[in-house]
file final_3.txt (compact mmCIF, C-alpha atoms)
# COMPACT_ATOMS: atom_id res chain seq x y z
CA MET W 112 0.00 0.00 0.00
CA THR W 113 1.38 3.41 -0.92
CA ASN W 114 1.48 6.36 1.46
CA ALA W 115 -1.23 8.06 -0.61
CA GLN W 116 -3.48 4.98 -0.29
CA ARG W 117 -2.84 4.82 3.45
CA GLN W 118 -3.64 8.51 3.86
CA LYS W 119 -6.87 8.19 1.84
CA LEU W 120 -8.01 5.20 3.88
CA VAL W 121 -7.36 7.03 7.16
CA GLU W 122 -9.13 10.17 5.92
CA ASP W 123 -12.11 8.11 4.74
CA ALA W 124 -12.26 6.22 8.03
CA VAL W 125 -12.20 9.44 10.07
CA ALA W 126 -15.02 10.89 7.94
CA CYS W 127 -17.06 7.68 8.23
CA ALA W 128 -16.52 7.53 11.99
CA ARG W 129 -17.93 11.05 12.34
CA ILE W 130 -20.99 10.08 10.29
CA ALA W 131 -21.45 6.92 12.36
CA TRP W 132 -21.16 8.77 15.67
CA ALA W 133 -23.67 11.36 14.48
CA SER W 134 -26.08 8.55 13.57
CA ILE W 135 -26.35 7.49 17.22
CA GLU W 136 -26.60 10.92 18.78
CA GLY W 137 -29.41 10.85 21.33
CA GLU W 138 -29.93 7.09 21.05
CA GLN W 139 -30.40 5.27 24.35
CA ASP W 140 -27.72 2.79 25.42
CA GLY W 141 -30.06 -0.21 25.49
CA GLY W 142 -30.11 -3.68 24.01
CA THR W 143 -27.76 -6.61 24.31
CA CYS W 144 -24.17 -5.93 25.33
CA ASN W 145 -22.17 -6.78 22.24
CA PHE W 146 -18.79 -6.67 20.60
CA ASP W 147 -20.13 -5.72 17.17
CA SER W 148 -17.39 -4.17 15.03
CA ALA W 149 -17.05 -2.90 11.49
CA LEU W 150 -14.38 -4.76 9.56
CA VAL W 151 -12.50 -3.26 6.62
CA HIS W 152 -10.67 -5.83 4.52
CA VAL W 153 -7.15 -4.59 3.84
CA GLU W 154 -3.75 -6.21 4.25
CA ARG W 155 -1.89 -5.75 7.50
CA ASP W 156 0.30 -2.66 7.34
CA GLU W 157 2.34 -1.29 10.25
CA LYS W 158 2.58 2.19 8.73
CA LEU W 159 -1.20 2.25 8.32
CA GLU W 160 -1.63 1.18 11.95
CA ALA W 161 0.56 4.08 13.11
CA MET W 162 -1.39 6.54 10.96
CA MET W 163 -4.72 5.27 12.29
CA LYS W 164 -3.54 5.66 15.86
CA GLU W 165 -2.24 9.16 15.16
CA ALA W 166 -5.66 10.07 13.69
CA GLY W 167 -7.35 8.87 16.89
CA LEU W 168 -8.88 5.74 15.38
CA ARG W 169 -9.11 2.61 17.46
CA ALA W 170 -8.37 -0.39 15.29
CA PHE W 171 -6.63 -3.72 15.36
CA TYR W 172 -5.88 -6.37 12.79
CA TRP W 173 -8.34 -9.27 12.92
CA THR W 174 -7.65 -12.69 11.41
CA HIS W 175 -10.38 -14.80 13.03
CA GLY W 176 -13.82 -15.78 11.88
CA LEU W 177 -15.58 -16.24 8.59
CA GLU W 178 -15.33 -12.57 7.71
CA GLY W 179 -11.69 -12.94 6.68
CA PRO W 180 -8.71 -10.83 7.68
CA GLY W 181 -8.83 -7.07 7.95
CA TYR W 182 -8.99 -4.26 10.47
CA LYS W 183 -11.68 -4.04 13.07
CA PHE W 184 -11.60 -0.41 12.36
CA PHE W 185 -13.95 1.46 14.55
CA SER W 186 -15.38 1.40 18.01
CA THR W 187 -17.87 3.48 19.87
CA ARG W 188 -17.98 4.15 23.54
CA TYR W 189 -21.40 2.53 23.68
CA GLN W 190 -22.83 -0.94 23.82
CA GLY W 191 -26.06 -2.52 22.70
CA CYS W 192 -28.20 -0.90 20.04
CA PRO W 193 -26.16 2.31 19.59
CA ASN W 194 -23.00 0.29 19.02
CA THR W 195 -24.66 -1.93 16.41
CA THR W 196 -26.15 1.11 14.65
CA ALA W 197 -22.79 2.89 14.53
CA GLN W 198 -20.91 -0.19 13.30
CA GLU W 199 -23.41 -0.78 10.52
CA ARG W 200 -23.34 2.88 9.47
CA PHE W 201 -19.53 2.97 9.46
CA ALA W 202 -19.33 -0.15 7.28
CA GLU W 203 -22.01 1.23 4.94
CA GLU W 204 -20.18 4.54 4.53
CA MET W 205 -16.81 2.85 3.92
CA LYS W 206 -18.47 0.59 1.32
CA LYS W 207 -19.77 3.71 -0.48
CA ARG W 208 -16.15 4.86 -0.70
CA GLY W 209 -15.11 1.61 -2.37
CA TYR W 210 -13.78 -0.48 0.52
CA GLU W 211 -14.68 -4.11 1.13
CA THR W 212 -16.41 -4.13 4.51
CA CYS W 213 -18.70 -6.14 6.71
CA VAL W 214 -19.91 -6.06 10.29
CA TYR W 215 -18.77 -8.64 12.81
CA TYR W 216 -21.63 -9.37 15.18
CA LYS W 217 -20.98 -10.90 18.58
CA MET W 218 -23.06 -10.91 21.75
CA ASP W 219 -21.54 -11.00 25.21
call {"tool": "encode", "arguments": {"input": "final_3.txt", "output": "structure tokens"}}
result
Amino acid sequence: MTNAQRQKLVEDAVACARIAWASIEGEQDGGTCNFDSALVHVERDEKLEAMMKEAGLRAFYWTHGLEGPGYKFFSTRYQGCPNTTAQERFAEEMKKRGYETCVYYKMD
């Protein structure tokens, strides 16, 4: 991945995170406690990881499950319904920007 590709991915992720957070504004923190996470399918890249961290994004490389490898790219400070809503919105927005995404659903 080139530096320009890394920078674009980080910029897109920051923009999508803002949209996702706005989508849950005012939503009650109810529903099942879960570990739902948006997953963006890209190869592991240490420079990308450093750039994500610098941009304030919480992400880690995920290799487990049927979803395939990629970054669990986004987290909220919520659980239950607001978390699921935000994860789905983030994945949807990243998909609109051309990334291969899915949502990993897991209940506690």
call {"tool": "residues_around", "arguments": {"input": "final_3.txt", "residues": "Gln116 in chain W", "least_positions_apart": "6", "cutoff": "12 Å", "atoms": "all atoms listed in the file", "output": "MDAnalysis selection string"}}
result
chainID W and resid 122:123 153 156 158:159 162 210
call {"tool": "residues_around", "arguments": {"input": "final_3.txt", "residues": "Lys119 in chain W", "least_positions_apart": "6", "cutoff": "12 Å", "atoms": "all atoms listed in the file", "output": "VMD selection string"}}
result
chain W and resid 112 to 113 125 to 126 159 162 to 163 205 208 to 210
call {"tool": "atom_distance", "arguments": {"input": "final_3.txt", "atom1": "CA of Lys207 in chain W", "atom2": "CA of Arg129 in chain W"}}
result
14.9 Å
call {"tool": "closest_residue", "arguments": {"input": "final_3.txt", "among": "W:Leu150, W:Ala170, W:Met218, W:Ala115", "to": "Phe201 in chain W", "atoms": "only C-alpha atoms"}}
result
W:Leu150
call {"tool": "residues_around", "arguments": {"input": "final_3.txt", "residues": "range 194-200 of chain W", "least_positions_apart": "5", "cutoff": "12 Å", "atoms": "all atoms listed in the file", "output": "PyMOL selection string"}}
result
chain W and resi 124+126-136+138-151+183-189+205-207+212-218
call {"tool": "atom_distance", "arguments": {"input": "final_3.txt", "atom1": "CA of Ala161 in chain W", "atom2": "CA of Asn114 in chain W"}}
result
11.9 Å
call {"tool": "atom_distance", "arguments": {"input": "final_3.txt", "atom1": "CA of Glu211 in chain W", "atom2": "CA of Glu160 in chain W"}}
result
17.8 Å
call {"tool": "residues_around", "arguments": {"input": "final_3.txt", "residues": "Arg155 in chain W", "least_positions_apart": "5", "cutoff": "9 Å", "atoms": "all atoms listed in the file", "output": "number ranges by chain"}}
result
W: 160, 172, 180-182
call {"tool": "closest_residue", "arguments": {"input": "final_3.txt", "among": "W:Asp219, W:Thr174, W:Gln118, W:Gly137", "to": "Gln190 in chain W", "atoms": "all atoms listed in the file"}}
result
W:Asp219
call {"tool": "decode", "arguments": {"input": "final_3.txt", "residues": "range 119-168 of chain W", "atoms": "N, CA and C atoms", "output": "PDB file, in the first residue's frame"}}
result
ATOM      1  N   LYS W 119      -5.458   8.155   2.275  1.00  0.00           N
ATOM      2  CA  LYS W 119      -6.865   8.192   1.845  1.00  0.00           C
ATOM      3  C   LYS W 119      -7.723   7.299   2.723  1.00  0.00           C
ATOM      4  N   LEU W 120      -7.241   6.114   3.038  1.00  0.00           N
ATOM      5  CA  LEU W 120      -8.006   5.198   3.882  1.00  0.00           C
ATOM      6  C   LEU W 120      -8.242   5.817   5.260  1.00  0.00           C
ATOM      7  N   VAL W 121      -7.215   6.402   5.847  1.00  0.00           N
ATOM      8  CA  VAL W 121      -7.365   7.028   7.162  1.00  0.00           C
ATOM      9  C   VAL W 121      -8.342   8.200   7.087  1.00  0.00           C
ATOM     10  N   GLU W 122      -8.207   9.037   6.077  1.00  0.00           N
ATOM     11  CA  GLU W 122      -9.134  10.165   5.921  1.00  0.00           C
ATOM     12  C   GLU W 122     -10.569   9.685   5.746  1.00  0.00           C
ATOM     13  N   ASP W 123     -10.766   8.664   4.928  1.00  0.00           N
ATOM     14  CA  ASP W 123     -12.108   8.107   4.739  1.00  0.00           C
ATOM     15  C   ASP W 123     -12.651   7.538   6.041  1.00  0.00           C
ATOM     16  N   ALA W 124     -11.811   6.825   6.776  1.00  0.00           N
ATOM     17  CA  ALA W 124     -12.257   6.221   8.034  1.00  0.00           C
ATOM     18  C   ALA W 124     -12.635   7.286   9.057  1.00  0.00           C
ATOM     19  N   VAL W 125     -11.872   8.353   9.139  1.00  0.00           N
ATOM     20  CA  VAL W 125     -12.204   9.441  10.067  1.00  0.00           C
ATOM     21  C   VAL W 125     -13.550  10.059   9.684  1.00  0.00           C
ATOM     22  N   ALA W 126     -13.749  10.319   8.399  1.00  0.00           N
ATOM     23  CA  ALA W 126     -15.020  10.889   7.940  1.00  0.00           C
ATOM     24  C   ALA W 126     -16.186   9.956   8.232  1.00  0.00           C
ATOM     25  N   CYS W 127     -15.998   8.660   7.988  1.00  0.00           N
ATOM     26  CA  CYS W 127     -17.061   7.679   8.232  1.00  0.00           C
ATOM     27  C   CYS W 127     -17.344   7.525   9.720  1.00  0.00           C
ATOM     28  N   ALA W 128     -16.322   7.611  10.537  1.00  0.00           N
ATOM     29  CA  ALA W 128     -16.522   7.533  11.987  1.00  0.00           C
ATOM     30  C   ALA W 128     -17.380   8.701  12.466  1.00  0.00           C
ATOM     31  N   ARG W 129     -17.117   9.879  11.946  1.00  0.00           N
ATOM     32  CA  ARG W 129     -17.928  11.053  12.338  1.00  0.00           C
ATOM     33  C   ARG W 129     -19.384  10.865  11.940  1.00  0.00           C
ATOM     34  N   ILE W 130     -19.613  10.340  10.747  1.00  0.00           N
ATOM     35  CA  ILE W 130     -20.985  10.078  10.292  1.00  0.00           C
ATOM     36  C   ILE W 130     -21.643   9.038  11.196  1.00  0.00           C
ATOM     37  N   ALA W 131     -20.906   7.987  11.518  1.00  0.00           N
ATOM     38  CA  ALA W 131     -21.455   6.916  12.364  1.00  0.00           C
ATOM     39  C   ALA W 131     -21.780   7.431  13.757  1.00  0.00           C
ATOM     40  N   TRP W 132     -20.889   8.235  14.332  1.00  0.00           N
ATOM     41  CA  TRP W 132     -21.155   8.775  15.669  1.00  0.00           C
ATOM     42  C   TRP W 132     -22.384   9.684  15.645  1.00  0.00           C
ATOM     43  N   ALA W 133     -22.505  10.481  14.592  1.00  0.00           N
ATOM     44  CA  ALA W 133     -23.671  11.358  14.477  1.00  0.00           C
ATOM     45  C   ALA W 133     -24.961  10.556  14.361  1.00  0.00           C
ATOM     46  N   SER W 134     -24.884   9.366  13.772  1.00  0.00           N
ATOM     47  CA  SER W 134     -26.082   8.552  13.574  1.00  0.00           C
ATOM     48  C   SER W 134     -26.647   8.004  14.876  1.00  0.00           C
ATOM     49  N   ILE W 135     -25.860   8.027  15.942  1.00  0.00           N
ATOM     50  CA  ILE W 135     -26.351   7.489  17.222  1.00  0.00           C
ATOM     51  C   ILE W 135     -26.563   8.572  18.267  1.00  0.00           C
ATOM     52  N   GLU W 136     -26.405   9.821  17.850  1.00  0.00           N
ATOM     53  CA  GLU W 136     -26.604  10.923  18.778  1.00  0.00           C
ATOM     54  C   GLU W 136     -28.016  10.879  19.358  1.00  0.00           C
ATOM     55  N   GLY W 137     -28.120  10.880  20.661  1.00  0.00           N
ATOM     56  CA  GLY W 137     -29.407  10.854  21.328  1.00  0.00           C
ATOM     57  C   GLY W 137     -30.013   9.474  21.505  1.00  0.00           C
ATOM     58  N   GLU W 138     -29.401   8.451  20.915  1.00  0.00           N
ATOM     59  CA  GLU W 138     -29.926   7.091  21.050  1.00  0.00           C
ATOM     60  C   GLU W 138     -29.629   6.554  22.446  1.00  0.00           C
ATOM     61  N   GLN W 139     -30.570   5.850  23.024  1.00  0.00           N
ATOM     62  CA  GLN W 139     -30.397   5.275  24.353  1.00  0.00           C
ATOM     63  C   GLN W 139     -29.458   4.078  24.295  1.00  0.00           C
ATOM     64  N   ASP W 140     -28.696   3.889  25.350  1.00  0.00           N
ATOM     65  CA  ASP W 140     -27.722   2.794  25.423  1.00  0.00           C
ATOM     66  C   ASP W 140     -28.418   1.528  25.927  1.00  0.00           C
ATOM     67  N   GLY W 141     -29.320   0.991  25.114  1.00  0.00           N
ATOM     68  CA  GLY W 141     -30.060  -0.207  25.493  1.00  0.00           C
ATOM     69  C   GLY W 141     -29.743  -1.363  24.561  1.00  0.00           C
ATOM     70  N   GLY W 142     -30.326  -2.508  24.851  1.00  0.00           N
ATOM     71  CA  GLY W 142     -30.113  -3.681  24.015  1.00  0.00           C
ATOM     72  C   GLY W 142     -29.039  -4.587  24.599  1.00  0.00           C
ATOM     73  N   THR W 143     -28.722  -5.611  23.863  1.00  0.00           N
ATOM     74  CA  THR W 143     -27.758  -6.609  24.310  1.00  0.00           C
ATOM     75  C   THR W 143     -26.347  -6.048  24.280  1.00  0.00           C
ATOM     76  N   CYS W 144     -25.594  -6.290  25.326  1.00  0.00           N
ATOM     77  CA  CYS W 144     -24.175  -5.934  25.332  1.00  0.00           C
ATOM     78  C   CYS W 144     -23.516  -6.740  24.220  1.00  0.00           C
ATOM     79  N   ASN W 145     -22.740  -6.063  23.373  1.00  0.00           N
ATOM     80  CA  ASN W 145     -22.167  -6.777  22.240  1.00  0.00           C
ATOM     81  C   ASN W 145     -20.772  -6.271  21.915  1.00  0.00           C
ATOM     82  N   PHE W 146     -20.115  -7.023  21.084  1.00  0.00           N
ATOM     83  CA  PHE W 146     -18.786  -6.670  20.595  1.00  0.00           C
ATOM     84  C   PHE W 146     -18.839  -6.442  19.086  1.00  0.00           C
ATOM     85  N   ASP W 147     -19.981  -5.976  18.586  1.00  0.00           N
ATOM     86  CA  ASP W 147     -20.125  -5.721  17.169  1.00  0.00           C
ATOM     87  C   ASP W 147     -19.047  -4.746  16.713  1.00  0.00           C
ATOM     88  N   SER W 148     -18.458  -5.017  15.557  1.00  0.00           N
ATOM     89  CA  SER W 148     -17.393  -4.172  15.028  1.00  0.00           C
ATOM     90  C   SER W 148     -17.450  -4.160  13.518  1.00  0.00           C
ATOM     91  N   ALA W 149     -17.208  -2.991  12.943  1.00  0.00           N
ATOM     92  CA  ALA W 149     -17.053  -2.903  11.494  1.00  0.00           C
ATOM     93  C   ALA W 149     -15.688  -3.465  11.135  1.00  0.00           C
ATOM     94  N   LEU W 150     -15.639  -4.180  10.022  1.00  0.00           N
ATOM     95  CA  LEU W 150     -14.381  -4.765   9.562  1.00  0.00           C
ATOM     96  C   LEU W 150     -14.117  -4.263   8.153  1.00  0.00           C
ATOM     97  N   VAL W 151     -12.916  -3.718   7.940  1.00  0.00           N
ATOM     98  CA  VAL W 151     -12.498  -3.256   6.624  1.00  0.00           C
ATOM     99  C   VAL W 151     -11.392  -4.189   6.160  1.00  0.00           C
ATOM    100  N   HIS W 152     -11.612  -4.824   5.019  1.00  0.00           N
ATOM    101  CA  HIS W 152     -10.675  -5.828   4.516  1.00  0.00           C
ATOM    102  C   HIS W 152      -9.521  -5.173   3.762  1.00  0.00           C
ATOM    103  N   VAL W 153      -8.403  -5.045   4.446  1.00  0.00           N
ATOM    104  CA  VAL W 153      -7.150  -4.587   3.839  1.00  0.00           C
ATOM    105  C   VAL W 153      -6.023  -5.397   4.457  1.00  0.00           C
ATOM    106  N   GLU W 154      -4.902  -5.471   3.743  1.00  0.00           N
ATOM    107  CA  GLU W 154      -3.750  -6.211   4.247  1.00  0.00           C
ATOM    108  C   GLU W 154      -3.164  -5.517   5.473  1.00  0.00           C
ATOM    109  N   ARG W 155      -2.546  -6.307   6.319  1.00  0.00           N
ATOM    110  CA  ARG W 155      -1.892  -5.754   7.500  1.00  0.00           C
ATOM    111  C   ARG W 155      -0.760  -4.832   7.059  1.00  0.00           C
ATOM    112  N   ASP W 156      -0.658  -3.681   7.730  1.00  0.00           N
ATOM    113  CA  ASP W 156       0.304  -2.664   7.338  1.00  0.00           C
ATOM    114  C   ASP W 156       0.675  -1.846   8.574  1.00  0.00           C
ATOM    115  N   GLU W 157       1.908  -1.982   9.028  1.00  0.00           N
ATOM    116  CA  GLU W 157       2.337  -1.295  10.248  1.00  0.00           C
ATOM    117  C   GLU W 157       2.307   0.223  10.112  1.00  0.00           C
ATOM    118  N   LYS W 158       2.646   0.740   8.937  1.00  0.00           N
ATOM    119  CA  LYS W 158       2.582   2.192   8.734  1.00  0.00           C
ATOM    120  C   LYS W 158       1.141   2.678   8.818  1.00  0.00           C
ATOM    121  N   LEU W 159       0.215   1.901   8.249  1.00  0.00           N
ATOM    122  CA  LEU W 159      -1.198   2.247   8.318  1.00  0.00           C
ATOM    123  C   LEU W 159      -1.669   2.246   9.768  1.00  0.00           C
ATOM    124  N   GLU W 160      -1.254   1.257  10.536  1.00  0.00           N
ATOM    125  CA  GLU W 160      -1.635   1.182  11.948  1.00  0.00           C
ATOM    126  C   GLU W 160      -1.181   2.425  12.702  1.00  0.00           C
ATOM    127  N   ALA W 161       0.044   2.877  12.452  1.00  0.00           N
ATOM    128  CA  ALA W 161       0.557   4.076  13.110  1.00  0.00           C
ATOM    129  C   ALA W 161      -0.243   5.310  12.703  1.00  0.00           C
ATOM    130  N   MET W 162      -0.600   5.397  11.435  1.00  0.00           N
ATOM    131  CA  MET W 162      -1.386   6.537  10.957  1.00  0.00           C
ATOM    132  C   MET W 162      -2.789   6.540  11.554  1.00  0.00           C
ATOM    133  N   MET W 163      -3.384   5.358  11.696  1.00  0.00           N
ATOM    134  CA  MET W 163      -4.720   5.271  12.287  1.00  0.00           C
ATOM    135  C   MET W 163      -4.673   5.750  13.736  1.00  0.00           C
ATOM    136  N   LYS W 164      -3.670   5.284  14.456  1.00  0.00           N
ATOM    137  CA  LYS W 164      -3.536   5.664  15.861  1.00  0.00           C
ATOM    138  C   LYS W 164      -3.334   7.171  15.987  1.00  0.00           C
ATOM    139  N   GLU W 165      -2.492   7.724  15.143  1.00  0.00           N
ATOM    140  CA  GLU W 165      -2.238   9.158  15.164  1.00  0.00           C
ATOM    141  C   GLU W 165      -3.508   9.956  14.870  1.00  0.00           C
ATOM    142  N   ALA W 166      -4.393   9.404  14.038  1.00  0.00           N
ATOM    143  CA  ALA W 166      -5.656  10.067  13.692  1.00  0.00           C
ATOM    144  C   ALA W 166      -6.726   9.865  14.764  1.00  0.00           C
ATOM    145  N   GLY W 167      -6.394   9.096  15.808  1.00  0.00           N
ATOM    146  CA  GLY W 167      -7.346   8.872  16.889  1.00  0.00           C
ATOM    147  C   GLY W 167      -8.317   7.735  16.643  1.00  0.00           C
ATOM    148  N   LEU W 168      -8.012   6.880  15.673  1.00  0.00           N
ATOM    149  CA  LEU W 168      -8.882   5.745  15.376  1.00  0.00           C
ATOM    150  C   LEU W 168      -8.441   4.528  16.175  1.00  0.00           C
TER     151      LEU W 168
END
